[in-house]
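The structure under discussion appears below in the form of structure tokens.
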Amino acid sequence: MVNIIVELSKYLIIICMAVYTYECFSVFGYRDEKIKKKILRRQNKQMFAVHFMAYLVLYLKTDEIKMLVLYAIEVVMFAGVILLYTRIYPKVSRLIVNNMCMLLATGLIILARLSFNRAVKQCVIAAGAILLSLAVPVIIRRVKALSDWTYIYGGIGIAALLLVLVLAGTSGGAKLGFQIAGFGIQPSELVKISFVFFTAGRLHKSTRFKDVVITTILAAAHVLILVLSTDLGAALILFVVYLVMLYVATRQPLYLMAGLSAGSVAAVAAYYLFAHVRTRVTIWKGPVSPETDGGHQLAQALFAIGTGSWFGMGLYQGAANTIPVATEDFVFAAIAEELGLIFALCLILICMSCYVMFLNIAMQLHDVFYKLVALGLGTCYIFQIFLTIGGVTKFIPMTGVTLPLVSYGGSSVLSTVIMFAIIQGLYVLREDEEEIIERKKERQEKQQKSRRGRYSDSAGRRFGQQTRKAARQQPKGQRERRSSRS
């Protein structure tokens, strides 16, 4: 009986996930707010259905009450997120809230399958990050001087990265962060946000050549410190984010070409300077097998994806726990093996719908600083997803970055939740701007109507006065003949 439920739930999970993903994009086709809210409420039902069926399977396969306890805690957390955001911020983007919960739910499901203790930690960190993020939209909406703190953002970012370079221990060939009370803290995840604000502030103030050079030097300092720490994945993300923001702010193809040339030279230099980079490139270029030097991880990930095929093996039916670093760098392979390629593709499309919302907000904002912030955060988010999934599928060499909100990692979850909260604040700000524009239009229309009314009244009075005056000026005989006719 248990096997029948597991097998049936596999297909039901995929159906609910596919419908949820379809509605992520179909909601853009409607302008009626009532229809949109109906679709978004339906999405919540599908998310909770996927979550319930997955944890039912986990409980049936393990027969452990702790799975049900964790499930109940997560349900309360997701319901609380949806209610708090929609009650505190009525203008919030419900689609972003739904997608954040769906990505977190998927990550917690696969983590509970692979490592229950890590799933508990991730749940605690996610809950704390969400509570902290509730204050972010207020700060974005109320604090008007955020664009003036440019050097504060840059100073915090460089200081945090220098702290890691000097004090952090080496793990996996790179200096990434610290361990405090059993929780890993990776400052580079939070520096991504401060870096976007720093770059947006600098480019908002001036795009003259001299100022662009200064901004580039300070941005290069961030990247160079990460390279010295051999955190090359984070360095690549910051480099691409800066290049995109610079081009959009200046509209100068020359800057883009210069940046791409410098990046190409840096990539070649990294290949010759770092042994692990050469290993990853060799694995990417050549055939992969478990016996290949350094290729065991990627080989196991590719075998897992191939084994899962379109519909997956089912939770606890595959061998996802044999994939090295499955909860972090290779979580996408574990999802593809046990939940199926269709589910994994839907996950990618959900991430894409988040990016579409980021770009939509960036294009509609009127303030250039906030426009650049939305663009920078969106680029940071989608490029990290590209690096993670591209590396796991051997499309590009591995970079060692996590899948946002899905992979295990406290700093990654915290920074991504804050990133989503900033976008929510910008969304609310955009709604406020539209309201102000509408009010101005209404006032202008009223003023024009009142002017037209005053003009018609004054014209009528002038016409009456002229008529009476002309009548008085006529000869007496004519006036008498007119009066006798009447």
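In the structure tokens, the first chain shown is A, the next is B, and so on; residue numbers restart at 1 for each chain, and ligands run from 1 in the order shown.
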Residues near A:Cys16, anyone? I mean within 9 Å using only C-alpha atoms, not counting same-chain ones fewer than 4 positions away, as number ranges by chain. A: 11-12, 20-21, 46-47, 49-50
Could you pull the residues within 9 Å of A:Leu84, counting only C-alpha atoms, minus those fewer than 5 positions along the same chain, as a list in words?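 That gives Ala79, Tyr89 and Leu134 of chain A.
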For the selection you just gave me, I'd like the residues written to a file as a PDB file, in the first residue's frame, keeping C-alpha atoms.
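part13.pdb written:
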ATOM      1  CA  ALA A  79       0.940  30.396   6.090  1.00  0.00           C
ATOM      2  CA  TYR A  89       1.781  45.370   2.832  1.00  0.00           C
ATOM      3  CA  LEU A 134       9.387  42.152   7.069  1.00  0.00           C
TER       4      LEU A 134
END
Shell of 12 Å around stretch 248-261 of chain A, only C-alpha atoms, local chain residues under 3 positions omitted, as a PyMOL selection string: chain A and resi 199-209+211-213+216+220+236+239-245+264-268+362-363+368-373+375-376+379
Please determine, counting only C-alpha atoms, which residue among A:Val356, A:Phe116, A:Asp367, A:Thr393 has the shortest atom-to-atom distance to A:Gln300.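 Residue with the minimum atom-to-atom distance to A:Gln300: A:Thr393.
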Could you build a table of the residues in stretch 76-135 of chain A lying no more than 10 Å from stretch 310-319 of chain A, giving for each the nearest pair of atoms and their separation in Å rounded to one decimal place, using only C-alpha atoms, ordered by chain and ascending residue number, as CSV?
residue,atom,partner,partner_atom,distance
A:Ile109,CA,A:Leu315,CA,9.4
A:Ile110,CA,A:Leu315,CA,8.4
A:Arg113,CA,A:Tyr316,CA,7.1
A:Leu114,CA,A:Tyr316,CA,9.0
Any chance you could export the current selection's N, CA and C atoms as a compact mmCIF listing (two decimals), in the first residue's frame?
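File written: selection_34.txt
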# COMPACT_ATOMS: atom_id res chain seq x y z
N ILE A 109 11.91 20.12 1.45
CA ILE A 109 11.51 18.74 1.15
C ILE A 109 12.73 17.88 0.83
N ILE A 110 13.59 18.36 -0.06
CA ILE A 110 14.75 17.56 -0.47
C ILE A 110 15.77 17.48 0.66
N ARG A 113 14.69 14.85 3.07
CA ARG A 113 14.99 13.54 2.49
C ARG A 113 16.47 13.18 2.67
N LEU A 114 17.36 14.18 2.51
CA LEU A 114 18.80 13.90 2.53
C LEU A 114 19.41 14.00 3.93
Every residue of stretch 35-215 of chain A that DSSP places in strand (DSSP E), as number ranges by chain: A: 170-171, 174-175, 178-180, 183-185
A:Phe358: which residues within 8 Å, counting only C-alpha atoms, same-chain residues fewer than 3 positions away excluded, as a ChimeraX atom specification? /A:354-355,361-362,374-375,377-378,423
Filtering to C-alpha atoms, could you give me those residues as a PDB file, in the first residue's frame?
ATOM      1  CA  CYS A 354      10.865  35.791 -10.336  1.00  0.00           C
ATOM      2  CA  TYR A 355      13.444  37.334 -12.667  1.00  0.00           C
ATOM      3  CA  ILE A 361       9.728  46.399 -11.513  1.00  0.00           C
ATOM      4  CA  ALA A 362      13.076  47.807 -12.712  1.00  0.00           C
ATOM      5  CA  ALA A 374      16.234  46.164  -8.997  1.00  0.00           C
ATOM      6  CA  LEU A 375      18.272  45.375 -12.111  1.00  0.00           C
ATOM      7  CA  LEU A 377      19.562  42.226  -7.649  1.00  0.00           C
ATOM      8  CA  GLY A 378      17.742  40.505 -10.520  1.00  0.00           C
ATOM      9  CA  ILE A 423      12.280  43.852  -4.390  1.00  0.00           C
TER      10      ILE A 423
END
Option closest in space to A:Val120, from A:Val69, A:Val75, A:Leu403, A:Val27 [counting only C-alpha atoms]: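 Closest to A:Val120, using only C-alpha atoms: A:Val69.
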Residues within 9 Å of stretch 270-277 of chain A, only C-alpha atoms, excluding chain neighbours under 4 positions, as a list in words: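 Near neighbours after the sequence-gap exclusion: Gly173, Val227, Thr230, Leu232, Val265, Ala266, Val281, Thr282, Gly294, Pro397, Met398 and Thr399 of chain A.
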Dump as an mmCIF file, in the first residue's frame, selection limited to C-alpha atoms:
data_model
loop_
_atom_site.group_PDB
_atom_site.id
_atom_site.type_symbol
_atom_site.label_atom_id
_atom_site.label_comp_id
_atom_site.auth_asym_id
_atom_site.auth_seq_id
_atom_site.Cartn_x
_atom_site.Cartn_y
_atom_site.Cartn_z
ATOM 1 C CA GLY A 173 40.186 25.194 -1.385
ATOM 2 C CA VAL A 227 39.831 36.064 -5.938
ATOM 3 C CA THR A 230 39.669 31.800 -4.024
ATOM 4 C CA LEU A 232 35.773 32.531 -7.591
ATOM 5 C CA VAL A 265 42.011 37.839 -19.493
ATOM 6 C CA ALA A 266 41.110 37.208 -15.825
ATOM 7 C CA VAL A 281 37.817 23.009 -16.794
ATOM 8 C CA THR A 282 39.406 19.630 -17.617
ATOM 9 C CA GLY A 294 38.112 15.330 -9.540
ATOM 10 C CA PRO A 397 32.488 24.390 -15.501
ATOM 11 C CA MET A 398 31.474 24.051 -11.854
ATOM 12 C CA THR A 399 31.732 27.236 -9.785
#
List the spatial neighbours of A:Glu337 as a VMD selection string - criterion: any atom at most 6 Å away, only C-alpha atoms, same-chain residues fewer than 2 positions off excluded. chain A and resid 304 to 305 308 312 334 to 335 339 to 340
Please, could you write that set of residues out with N, CA and C atoms as a PDB file, in the first residue's frame?
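This is the output file part_18.pdb:
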ATOM      1  N   ALA A 304      22.666  10.654 -11.679  1.00  0.00           N
ATOM      2  CA  ALA A 304      21.404  10.854 -10.946  1.00  0.00           C
ATOM      3  C   ALA A 304      20.346  11.497 -11.837  1.00  0.00           C
ATOM      4  N   ILE A 305      20.745  12.518 -12.600  1.00  0.00           N
ATOM      5  CA  ILE A 305      19.791  13.184 -13.486  1.00  0.00           C
ATOM      6  C   ILE A 305      19.278  12.218 -14.544  1.00  0.00           C
ATOM      7  N   GLY A 308      16.833   9.611 -12.965  1.00  0.00           N
ATOM      8  CA  GLY A 308      15.509  10.137 -12.626  1.00  0.00           C
ATOM      9  C   GLY A 308      14.589  10.278 -13.822  1.00  0.00           C
ATOM     10  N   GLY A 312      11.011  10.992 -12.462  1.00  0.00           N
ATOM     11  CA  GLY A 312      11.725  10.772 -11.216  1.00  0.00           C
ATOM     12  C   GLY A 312      11.529   9.381 -10.646  1.00  0.00           C
ATOM     13  N   ALA A 334      19.865  16.036  -7.134  1.00  0.00           N
ATOM     14  CA  ALA A 334      19.049  15.232  -6.225  1.00  0.00           C
ATOM     15  C   ALA A 334      17.563  15.421  -6.516  1.00  0.00           C
ATOM     16  N   ILE A 335      17.152  16.657  -6.794  1.00  0.00           N
ATOM     17  CA  ILE A 335      15.754  16.936  -7.132  1.00  0.00           C
ATOM     18  C   ILE A 335      15.378  16.242  -8.434  1.00  0.00           C
ATOM     19  N   LEU A 339      12.478  13.608  -7.905  1.00  0.00           N
ATOM     20  CA  LEU A 339      11.223  14.279  -8.257  1.00  0.00           C
ATOM     21  C   LEU A 339      11.029  14.415  -9.763  1.00  0.00           C
ATOM     22  N   GLY A 340      12.072  14.168 -10.537  1.00  0.00           N
ATOM     23  CA  GLY A 340      11.929  14.124 -11.992  1.00  0.00           C
ATOM     24  C   GLY A 340      12.384  15.385 -12.703  1.00  0.00           C
TER      25      GLY A 340
END
